[in-house]
2 protein chains.
Amino acid sequence: MFPIRSVLRLAATGLLVLGLSAAAVRAQTDPLPSWNEGSAKQAILDFVTRTTTEGSADFVPPEERIAAFDQDGTLWVEHPIYTEFQFVMDRAPALLKAHPELAEKPAFAAILSKDQKRIAALDARELFEALVLTLSGMTPDVLGEEVNAWLKTARDPRWQRPYIDLTYLPMQEVLTYLRDNGYKTFVATGGSVGVVAPYSEAFYGIPPEQVSGSAQNLKFEIADGKPVLTREAKLALDNTEAGKIENFRMVYGRTPRAQFGNSSSDDQQALQYVKNSPGLRLSVAILHDDAEREYAYGPAQGLPDSPVGTFSQEMYDLGTEEGWVIVSMKNDWKKIFAFDE
Amino acid sequence: MFPIRSVLRLAATGLLVLGLSAAAVRAQTDPLPSWNEGSAKQAILDFVTRTTTEGSADFVPPEERIAAFDQDGTLWVEHPIYTEFQFVMDRAPALLKAHPELAEKPAFAAILSKDQKRIAALDARELFEALVLTLSGMTPDVLGEEVNAWLKTARDPRWQRPYIDLTYLPMQEVLTYLRDNGYKTFVATGGSVGVVAPYSEAFYGIPPEQVSGSAQNLKFEIADGKPVLTREAKLALDNTEAGKIENFRMVYGRTPRAQFGNSSSDDQQALQYVKNSPGLRLSVAILHDDAEREYAYGPAQGLPDSPVGTFSQEMYDLGTEEGWVIVSMKNDWKKIFAFDE
C-alpha cells in the first residue's frame, strides 16, 4: 500500500503547484476509499471538516490537532498473539543461551515452547516480567536494529505475510487523511515504545518521537570511557489500562482531539477521557466482527470472548451512550488489507 | 523579541515565494546577529551547514534533525533562584490554606518565609518533596492555567521584568535558526514538564509535546460520572542528573543531534552522550561568566561556586577534551537580552 500512498501524495502535491487548494483536492478525491459509505465514515469526515474549516465553531488551531492511535487491533492485526510477543518468543532462545538459569522459570519455559496453551495458562505478571526481561540488557539502538531485522523475515502465522502487510488499509487512509489536514498523528500503545518506535515511521508514517508506549528505564553508564545507555528490566511507564491516557497527557502535555482504539483493558479510559474533554472530540472504537476476512472477538455484541484485545459489552454500551464512533470491520470496511481483492 | 522574529520569518517566506532558495536567504542574512564573531558562533554555523547540505558527508535527513535545550541557565536566567521555585513559593500560601498541617513541615515553613538562606539550608530531598507536593492535587490543565496567569504578573527580582524578557536573545536566534534548517527543537529540563509545557510555545516556539521534563504521575478517576486526570505527589520521570538523557531517549526514541545545557548536575551526561553518538553531533555548554550583564558562576575557570546551576571545572575539562562548544556569555554574546542596549 505504500507505493499507492506515495503516488497519491505526489499527485496531490502536483495539483497544489497548479494552484488548486488542499480543500479543492480533497473535494475531488475520496480520502477514505476503503471505507463503505455509512455513519462511521461520515462521522470521521465530518469531524475533520468541522475542526479544520476556519470560521467553524469547532475549528481547532493546527498546533492542537493531535490524533492518537492504539496499535494492536487498531492499526494492525493482534490475533492470535501480539506481534511484540511473537518477537519476544523468537528472541528468547538467544537470551537463554546467555542466561541458561532462566530456563527454570515457568514463564521462560512456556515462552520457549511456543505452546500457546502453556503461555495462556501463565500468571499475567509472570509473563509480563519475562517479556520485560527479554527486552532488557541491550542499548535501545541495538534493540531497534533487532526488531527491524526480525520484521524483514518474520511472517504472520495465518497469512504467511510480513507484518507490514497486516496493517489495516482503512486506518492507513485515516492516518494520511488526518495528516493531510494538519493533524499530528501519534501511536499510543500498551506495548513497548522501544519495540514500536523503531518501525513506526516505515509502517505508519509516525516518527518515533510520536510513539507513546510502555517504557523500560534506561541506565546511563560510562564504559571504557564512553557513555552508554542500557535498557533495564524495570518499567518506567506502564501504558496498559488507564496508564495509556495518563502517560500521554503527562509526557506530551496535550489531550488528543481524536483517539482510536479497540480494547477495554487498554483503550477504554483514553477513549472516554478524550470524548469528554472540552470542544469537539472524536473517539473511535474498532469492533472486530469479521471472522472471515480477519477475526471476530468481543465479548461485545455476543462475539466470542478473547484473551487478546477484549472488547467488552460494557465498553460498547459506554461508547454508544457517549457518542463514540464504533466501527464494524465487517460492515464499514470495504477492504481490510491492501492485499484484499 | 517576538515581533522581530515574526517579521524575519515573513520576510524569508516572501523571498522563498520570489524563487530564492533557503540557502540563498541564509547567505544574505546573519542568522545569529546577537553573537560576536568567534569560534563558538562559527561552530554552530558550521554544524548546521554540514548537517543540512545534501551531498555533505555529514548530511542528516530532516526527520533525524533533533535539537534539545536545557531551560534554566541555557534558555533563560536561573539566578538567584529557578523560576519554577519562585512560582512554587508564590503558590505555597494557597496550598497551606487548604492544608494547614503542612506549615509544621520545615520545608514548607522555609518556603513560606521566602527566606533564601532558610531554603538553602534545607535538605535537598525535603525541598524536592515540598515542591512535588505543591504541584499536585489539581488537573494538568488547571496547573497550566495557573502557571500562565502567574507569568503574566510575576516579575524577576533583579530586572523587575516579566520572565519572558529573561530569555536569552542569542539562544532564541539559535532556536529559530535550527528550525529554519529543518531541526525539530525540544526542551530537556530538569524542571517539571507540567510547569514548562504550558508556556513553551509562547516563550520558545517549542510545542508542549516537545518538552521533556521531570514528570509527576497523573491519576485517572471517574468523578460524577466524568473522567478526570489528577496530578499526584509522585515522580514518574526524574530528569535531573543522568535522567535527562535517559528519559529523552526512552520517551522520544531518538538521540538529539545537538544538545545545549549549562549545568554539571543536570546536563553533563546529556552533552557527553550526544557528543559521543555516531555521526556529526553538537554539544554546547553555556558558561555564565558575565557578572555585569547577567551572573558569573562556576566553579569552572575560577568563577564563584553556586548552589544553582553549578558548572564544574570537571565538566569544563571534559567538554574541552571532547570538543564541545563552550560559550562564554561575556565574550560570545553581543547582547544577552532583547532589552539590552
# chains A, B, ... in the order shown; residues from 1 in each chain; ligands from 1

call {"tool": "residues_around", "arguments": {"residues": "Val193 (chain B)", "least_positions_apart": "3", "cutoff": "9 Å", "atoms": "only C-alpha atoms", "output": "PyMOL selection string"}}
result
(chain A and resi 250-253) or (chain B and resi 188-190+196-198+208+211-216)

call {"tool": "select_by_dssp", "arguments": {"residues": "region 60-188 of chain B", "states": "helix (DSSP H, G or I)", "output": "PyMOL selection string"}}
result
chain B and resi 62-64+83-98+100-104+106-113+116-120+124-134+140-153+163-166+169-180

call {"tool": "interface_residues", "arguments": {"of": "chain B", "to": "chain A", "cutoff": "9 Å", "atoms": "only C-alpha atoms", "output": "ChimeraX atom specification"}}
result
/B:63,140-141,193-194,197-198,207-213,215-221,226-229,231,236-237,242-243,245-247,249-254,269,272-273,276-277

call {"tool": "residues_around", "arguments": {"residues": "Ser264 (chain B)", "least_positions_apart": "5", "cutoff": "6 Å", "atoms": "only C-alpha atoms", "output": "MDAnalysis selection string"}}
result
chainID B and resid 310:312

call {"tool": "residues_around", "arguments": {"residues": "region 91-93 of chain A", "least_positions_apart": "6", "cutoff": "12 Å", "atoms": "only C-alpha atoms", "output": "PyMOL selection string"}}
result
chain A and resi 84-85+99-100+102-103+107-114+130-136+143+146-147+149-150+154

call {"tool": "select_by_dssp", "arguments": {"residues": "region 116-262 of chain B", "states": "strand (DSSP E)", "output": "number ranges by chain"}}
result
B: 184-192, 211-223, 226-237, 258-261

call {"tool": "residues_around", "arguments": {"residues": "region 30-42 of chain A", "least_positions_apart": "5", "cutoff": "8 Å", "atoms": "only C-alpha atoms", "output": "JSON, numbers by chain"}}
result
{"A": [169, 170, 173, 174, 177, 325, 326, 327, 331, 332, 333, 334, 335, 336]}

call {"tool": "write_last_selection", "arguments": {"atoms": "all heavy atoms", "output": "CSV table (one decimal), in the first residue's frame"}}
result
chain,number,residue,atom,x,y,z
A,169,LEU,N,-5.7,-1.2,5.9
A,169,LEU,CA,-5.7,-0.2,4.8
A,169,LEU,C,-6.6,1.0,5.2
A,169,LEU,O,-6.2,2.1,5.0
A,169,LEU,CB,-6.1,-0.9,3.5
A,169,LEU,CG,-6.1,0.1,2.3
A,169,LEU,CD1,-4.8,0.7,2.0
A,169,LEU,CD2,-6.6,-0.7,1.1
A,170,PRO,N,-7.8,0.7,5.7
A,170,PRO,CA,-8.7,1.8,6.1
A,170,PRO,C,-8.1,2.8,7.2
A,170,PRO,O,-8.3,4.0,7.1
A,170,PRO,CB,-10.0,1.2,6.6
A,170,PRO,CG,-10.0,-0.2,6.1
A,170,PRO,CD,-8.5,-0.6,6.0
A,173,GLU,N,-5.5,4.9,5.6
A,173,GLU,CA,-6.1,6.1,4.9
A,173,GLU,C,-6.5,7.2,5.9
A,173,GLU,O,-6.4,8.3,5.7
A,173,GLU,CB,-7.4,5.6,4.2
A,173,GLU,CG,-7.0,4.7,3.0
A,173,GLU,CD,-8.3,4.0,2.4
A,173,GLU,OE1,-9.4,4.2,2.9
A,173,GLU,OE2,-8.1,3.3,1.4
A,174,VAL,N,-6.9,6.7,7.1
A,174,VAL,CA,-7.3,7.7,8.2
A,174,VAL,C,-6.0,8.5,8.6
A,174,VAL,O,-6.1,9.7,8.8
A,174,VAL,CB,-8.0,7.0,9.4
A,174,VAL,CG1,-8.1,8.0,10.5
A,174,VAL,CG2,-9.4,6.5,9.0
A,177,TYR,N,-5.2,10.9,5.8
A,177,TYR,CA,-6.2,11.9,5.8
A,177,TYR,C,-6.0,13.0,6.9
A,177,TYR,O,-6.1,14.2,6.7
A,177,TYR,CB,-7.6,11.2,5.8
A,177,TYR,CG,-8.8,12.1,5.9
A,177,TYR,CD1,-9.0,13.2,5.0
A,177,TYR,CD2,-9.8,11.9,6.8
A,177,TYR,CE1,-10.1,14.0,5.0
A,177,TYR,CE2,-10.9,12.7,6.9
A,177,TYR,CZ,-11.1,13.7,6.0
A,177,TYR,OH,-12.2,14.5,6.1
A,325,VAL,N,-17.6,6.8,17.8
A,325,VAL,CA,-17.8,6.1,16.6
A,325,VAL,C,-17.4,4.6,16.8
A,325,VAL,O,-16.2,4.4,17.1
A,325,VAL,CB,-17.0,6.7,15.4
A,325,VAL,CG1,-17.1,5.9,14.2
A,325,VAL,CG2,-17.4,8.2,15.2
A,326,ILE,N,-18.3,3.7,16.6
A,326,ILE,CA,-18.0,2.3,16.7
A,326,ILE,C,-17.9,1.7,15.3
A,326,ILE,O,-18.9,1.7,14.6
A,326,ILE,CB,-18.9,1.5,17.7
A,326,ILE,CG1,-18.8,2.2,19.1
A,326,ILE,CG2,-18.6,0.0,17.7
A,326,ILE,CD1,-19.7,1.5,20.2
A,327,VAL,N,-16.7,1.3,15.0
A,327,VAL,CA,-16.5,0.8,13.6
A,327,VAL,C,-16.7,-0.7,13.5
A,327,VAL,O,-16.1,-1.5,14.3
A,327,VAL,CB,-15.1,1.1,13.1
A,327,VAL,CG1,-14.8,0.5,11.8
A,327,VAL,CG2,-14.9,2.6,13.1
A,331,ASN,N,-18.8,-4.4,8.3
A,331,ASN,CA,-19.7,-3.6,7.5
A,331,ASN,C,-19.1,-2.2,7.0
A,331,ASN,O,-19.5,-1.7,6.0
A,331,ASN,CB,-21.0,-3.2,8.3
A,331,ASN,CG,-21.7,-4.5,8.7
A,331,ASN,OD1,-21.9,-5.4,7.9
A,331,ASN,ND2,-22.2,-4.6,10.0
A,332,ASP,N,-18.2,-1.7,7.8
A,332,ASP,CA,-17.7,-0.4,7.5
A,332,ASP,C,-16.4,-0.4,6.6
A,332,ASP,O,-16.1,0.6,6.0
A,332,ASP,CB,-17.4,0.4,8.8
A,332,ASP,CG,-18.6,0.8,9.5
A,332,ASP,OD1,-19.6,1.3,8.8
A,332,ASP,OD2,-18.7,0.7,10.7
A,333,TRP,N,-15.8,-1.5,6.5
A,333,TRP,CA,-14.5,-1.6,5.7
A,333,TRP,C,-14.7,-2.4,4.5
A,333,TRP,O,-15.0,-3.6,4.5
A,333,TRP,CB,-13.4,-2.2,6.6
A,333,TRP,CG,-12.9,-1.2,7.7
A,333,TRP,CD1,-13.4,0.1,7.9
A,333,TRP,CD2,-11.9,-1.4,8.6
A,333,TRP,NE1,-12.7,0.6,9.0
A,333,TRP,CE2,-11.8,-0.2,9.4
A,333,TRP,CE3,-11.0,-2.5,8.9
A,333,TRP,CZ2,-10.9,-0.1,10.5
A,333,TRP,CZ3,-10.1,-2.3,9.9
A,333,TRP,CH2,-10.0,-1.1,10.7
A,334,LYS,N,-14.5,-1.7,3.3
A,334,LYS,CA,-14.6,-2.4,2.0
A,334,LYS,C,-13.5,-3.4,1.9
A,334,LYS,O,-13.7,-4.5,1.4
A,334,LYS,CB,-14.5,-1.3,1.0
A,334,LYS,CG,-15.1,-1.6,-0.4
A,334,LYS,CD,-15.0,-0.4,-1.3
A,334,LYS,CE,-16.0,0.8,-0.9
A,334,LYS,NZ,-15.8,2.0,-1.8
A,335,LYS,N,-12.3,-2.9,2.2
A,335,LYS,CA,-11.1,-3.8,2.2
A,335,LYS,C,-10.5,-3.7,3.6
A,335,LYS,O,-10.6,-2.6,4.3
A,335,LYS,CB,-10.1,-3.3,1.2
A,335,LYS,CG,-10.5,-3.5,-0.2
A,335,LYS,CD,-9.4,-2.9,-1.1
A,335,LYS,CE,-8.4,-3.8,-1.5
A,335,LYS,NZ,-7.4,-3.2,-2.5
A,336,ILE,N,-9.9,-4.7,4.1
A,336,ILE,CA,-9.2,-4.7,5.4
A,336,ILE,C,-7.7,-4.5,5.2
A,336,ILE,O,-7.1,-3.7,5.8
A,336,ILE,CB,-9.5,-5.9,6.2
A,336,ILE,CG1,-11.0,-5.9,6.7
A,336,ILE,CG2,-8.6,-6.0,7.5
A,336,ILE,CD1,-11.4,-7.0,7.6

call {"tool": "atom_distance", "arguments": {"atom1": "CA of Asp165 (chain B)", "atom2": "CA of Pro304 (chain B)"}}
result
25.3 Å

call {"tool": "closest_residue", "arguments": {"among": "A:Met89, A:Asn148, A:Met171, A:Arg293", "to": "Gly261 (chain A)", "atoms": "only C-alpha atoms"}}
result
A:Met171

call {"tool": "atom_distance", "arguments": {"atom1": "CA of Arg50 (chain A)", "atom2": "CA of Phe337 (chain A)"}}
result
28.8 Å
